[in-house]
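Novice: What follows is a structure written as structure tokens; I'll ask about it next.
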Amino acid sequence: MKKIIAPLFTIICAIVLNQTALSQDVHKIAPTMYKVLSDTLGIKVMEATYLPGESSSMHLHPDFALYVISGGTVELTNTKGEKQVVPFTTGMGIVLPGESHTAKNIGETTLKLIVVEVRRPR
């Protein structure tokens with residue numbers, strides 16, 4: 001019986017810890033990079049600043065939009081470990097569905113964004 005319980009407990013802990021990591025609000029895991037400007041009526045507005053080489057750990061965005069104040073190049077890594085290099089140009093705006101990822105500024109300039117998250121019942 002003990003031989004079954006120990007591996008089962010390990011699997012359950014791994015699932016719970018993984019779900020906790022995926023559900024983390026970005027401003028809680030990277031408070032020095034994300035400043036909450038407003039949070040009301042299910043809409044959160046944040047200013048994000050990534051210095052060259054700076055990264056944030058795995059976090060979740062619900063449906064969100066972003067506007068690039070100062071451009072740069074970002075490497076996003078999804079929950080499957082797949083990497084995508086994205087050039088964010090100054091003045092660019094984009095609307096995206098909810099997702100979990102890590103982000104790293106791989107460019108030589110400071111990246112500054114306005115991020116608007118929309119939390120709504122589905």
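Ligands are numbered from 1 in the order shown, chains are lettered A, B, ... in the order of the structure tokens, and residues start at 1 in each chain.
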Just the residues within 12 Å of region 113-118 of chain A, please, counting only C-alpha atoms, with nothing from its chain fewer than 5 positions along; format it as JSON, numbers by chain.

Specialist: {"A": [25, 26, 27, 33, 34, 35, 36, 37, 38, 39, 40, 41, 42, 43, 44, 45, 46, 47, 48, 49, 50, 51, 60, 61, 62, 63, 64, 65, 66, 67, 68, 69, 70, 71, 72, 74, 88, 89, 90, 91, 92, 93, 94, 95, 96, 97, 98, 99]}

Novice: What is the CA of Thr110 (chain A)-CA of Lys28 (chain A) distance in Å, reported with one decimal?

Specialist: 20.8 Å

Novice: How many Å lie between CA of His101 (chain A) and CA of Gln84 (chain A), rounded to one decimal?

Specialist: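 Atom-to-atom, CA of His101 (chain A) and CA of Gln84 (chain A) are spaced 10.4 Å apart.
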
Novice: Determine, counting only C-alpha atoms, which protein, DNA and RNA residues have an atom within 8 Å of an atom of Glu54 (chain A); residues of the same chain fewer than 4 positions away are not included. Present the result as a list in words.

Specialist: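 Non-adjacent residues within range: Tyr50, Lys104, Asn105 and Ile106 of chain A.
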
Novice: Mind pulling up the distance from CA of His59 (chain A) to CA of Asn78 (chain A)?

Specialist: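 These two atoms are separated by 9.7 Å.
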
Novice: Among chain A, which residues carry a DSSP assignment of strand (DSSP E), reported as a PyMOL selection string?

Specialist: chain A and resi 34-40+43-50+55-61+64-70+72-78+83-88+93-96+99-105+111-118

Novice: Suppose we keep C-alpha atoms; can you now write the selection as an mmCIF file, in the first residue's frame?

Specialist:
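Dumped to part_20.cif:
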data_model
loop_
_atom_site.group_PDB
_atom_site.id
_atom_site.type_symbol
_atom_site.label_atom_id
_atom_site.label_comp_id
_atom_site.auth_asym_id
_atom_site.auth_seq_id
_atom_site.Cartn_x
_atom_site.Cartn_y
_atom_site.Cartn_z
ATOM 1 C CA TYR A 34 4.746 45.050 -13.662
ATOM 2 C CA LYS A 35 3.079 48.048 -12.041
ATOM 3 C CA VAL A 36 -0.716 47.908 -11.661
ATOM 4 C CA LEU A 37 -2.196 51.216 -12.826
ATOM 5 C CA SER A 38 -5.857 50.267 -12.410
ATOM 6 C CA ASP A 39 -7.811 47.162 -11.408
ATOM 7 C CA THR A 40 -11.578 47.476 -11.490
ATOM 8 C CA ILE A 43 -10.121 44.909 -16.150
ATOM 9 C CA LYS A 44 -6.535 45.288 -14.975
ATOM 10 C CA VAL A 45 -4.216 47.865 -16.580
ATOM 11 C CA MET A 46 -0.494 47.453 -15.986
ATOM 12 C CA GLU A 47 2.742 49.058 -17.112
ATOM 13 C CA ALA A 48 5.446 46.487 -17.837
ATOM 14 C CA THR A 49 9.150 47.264 -18.084
ATOM 15 C CA TYR A 50 11.711 44.648 -19.122
ATOM 16 C CA SER A 55 12.802 37.792 -17.624
ATOM 17 C CA SER A 56 9.629 36.801 -15.822
ATOM 18 C CA SER A 57 8.829 33.266 -14.713
ATOM 19 C CA MET A 58 5.794 31.286 -15.881
ATOM 20 C CA HIS A 59 2.623 33.335 -15.476
ATOM 21 C CA LEU A 60 -0.923 33.533 -16.805
ATOM 22 C CA HIS A 61 -2.622 36.310 -18.729
ATOM 23 C CA PHE A 64 -5.366 40.651 -22.892
ATOM 24 C CA ALA A 65 -4.254 43.507 -25.094
ATOM 25 C CA LEU A 66 -0.937 45.261 -25.101
ATOM 26 C CA TYR A 67 0.449 48.491 -26.459
ATOM 27 C CA VAL A 68 4.183 48.934 -26.997
ATOM 28 C CA ILE A 69 5.528 52.216 -25.589
ATOM 29 C CA SER A 70 9.206 51.359 -26.240
ATOM 30 C CA GLY A 72 12.295 45.477 -28.116
ATOM 31 C CA THR A 73 12.667 41.775 -28.823
ATOM 32 C CA VAL A 74 11.091 39.184 -26.541
ATOM 33 C CA GLU A 75 11.472 35.439 -26.307
ATOM 34 C CA LEU A 76 8.216 33.837 -25.120
ATOM 35 C CA THR A 77 8.192 30.240 -23.892
ATOM 36 C CA ASN A 78 4.848 28.442 -23.530
ATOM 37 C CA LYS A 83 9.975 29.225 -27.768
ATOM 38 C CA GLN A 84 8.922 32.095 -29.999
ATOM 39 C CA VAL A 85 10.927 35.258 -30.675
ATOM 40 C CA VAL A 86 8.642 38.274 -31.056
ATOM 41 C CA PRO A 87 9.776 41.728 -32.183
ATOM 42 C CA PHE A 88 7.642 44.356 -30.435
ATOM 43 C CA GLY A 93 -0.930 47.154 -30.448
ATOM 44 C CA ILE A 94 -2.148 43.568 -30.238
ATOM 45 C CA VAL A 95 -5.071 41.637 -28.723
ATOM 46 C CA LEU A 96 -4.464 38.044 -27.598
ATOM 47 C CA GLU A 99 -2.172 32.158 -22.233
ATOM 48 C CA SER A 100 0.592 31.091 -19.880
ATOM 49 C CA HIS A 101 4.214 31.817 -20.747
ATOM 50 C CA THR A 102 7.567 33.089 -19.606
ATOM 51 C CA ALA A 103 8.996 36.227 -21.201
ATOM 52 C CA LYS A 104 12.599 37.365 -21.629
ATOM 53 C CA ASN A 105 13.865 40.583 -23.167
ATOM 54 C CA LEU A 111 10.976 47.176 -23.451
ATOM 55 C CA LYS A 112 8.026 49.122 -22.053
ATOM 56 C CA LEU A 113 4.399 47.991 -22.522
ATOM 57 C CA ILE A 114 0.894 48.783 -21.374
ATOM 58 C CA VAL A 115 -0.914 45.489 -20.702
ATOM 59 C CA VAL A 116 -4.693 45.350 -20.299
ATOM 60 C CA GLU A 117 -6.086 42.080 -18.932
ATOM 61 C CA VAL A 118 -9.783 41.278 -19.164
#

Novice: Taking only chain A into account, list the residues labelled alpha helix (DSSP H) by DSSP (computed from the backbone), as a list of chain:residue names.

Specialist: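 Filtering chain A down to alpha helix (DSSP H) leaves A:Lys2, A:Lys3, A:Ile4, A:Ile5, A:Ala6, A:Pro7, A:Leu8, A:Phe9, A:Thr10, A:Ile11, A:Ile12, A:Cys13, A:Ala14, A:Ile15, A:Val16, A:Leu17, A:Asn18, A:Gln19, A:Thr20, A:Ala21, A:Leu22, A:Val26, A:His27, A:Lys28, A:Ile29.
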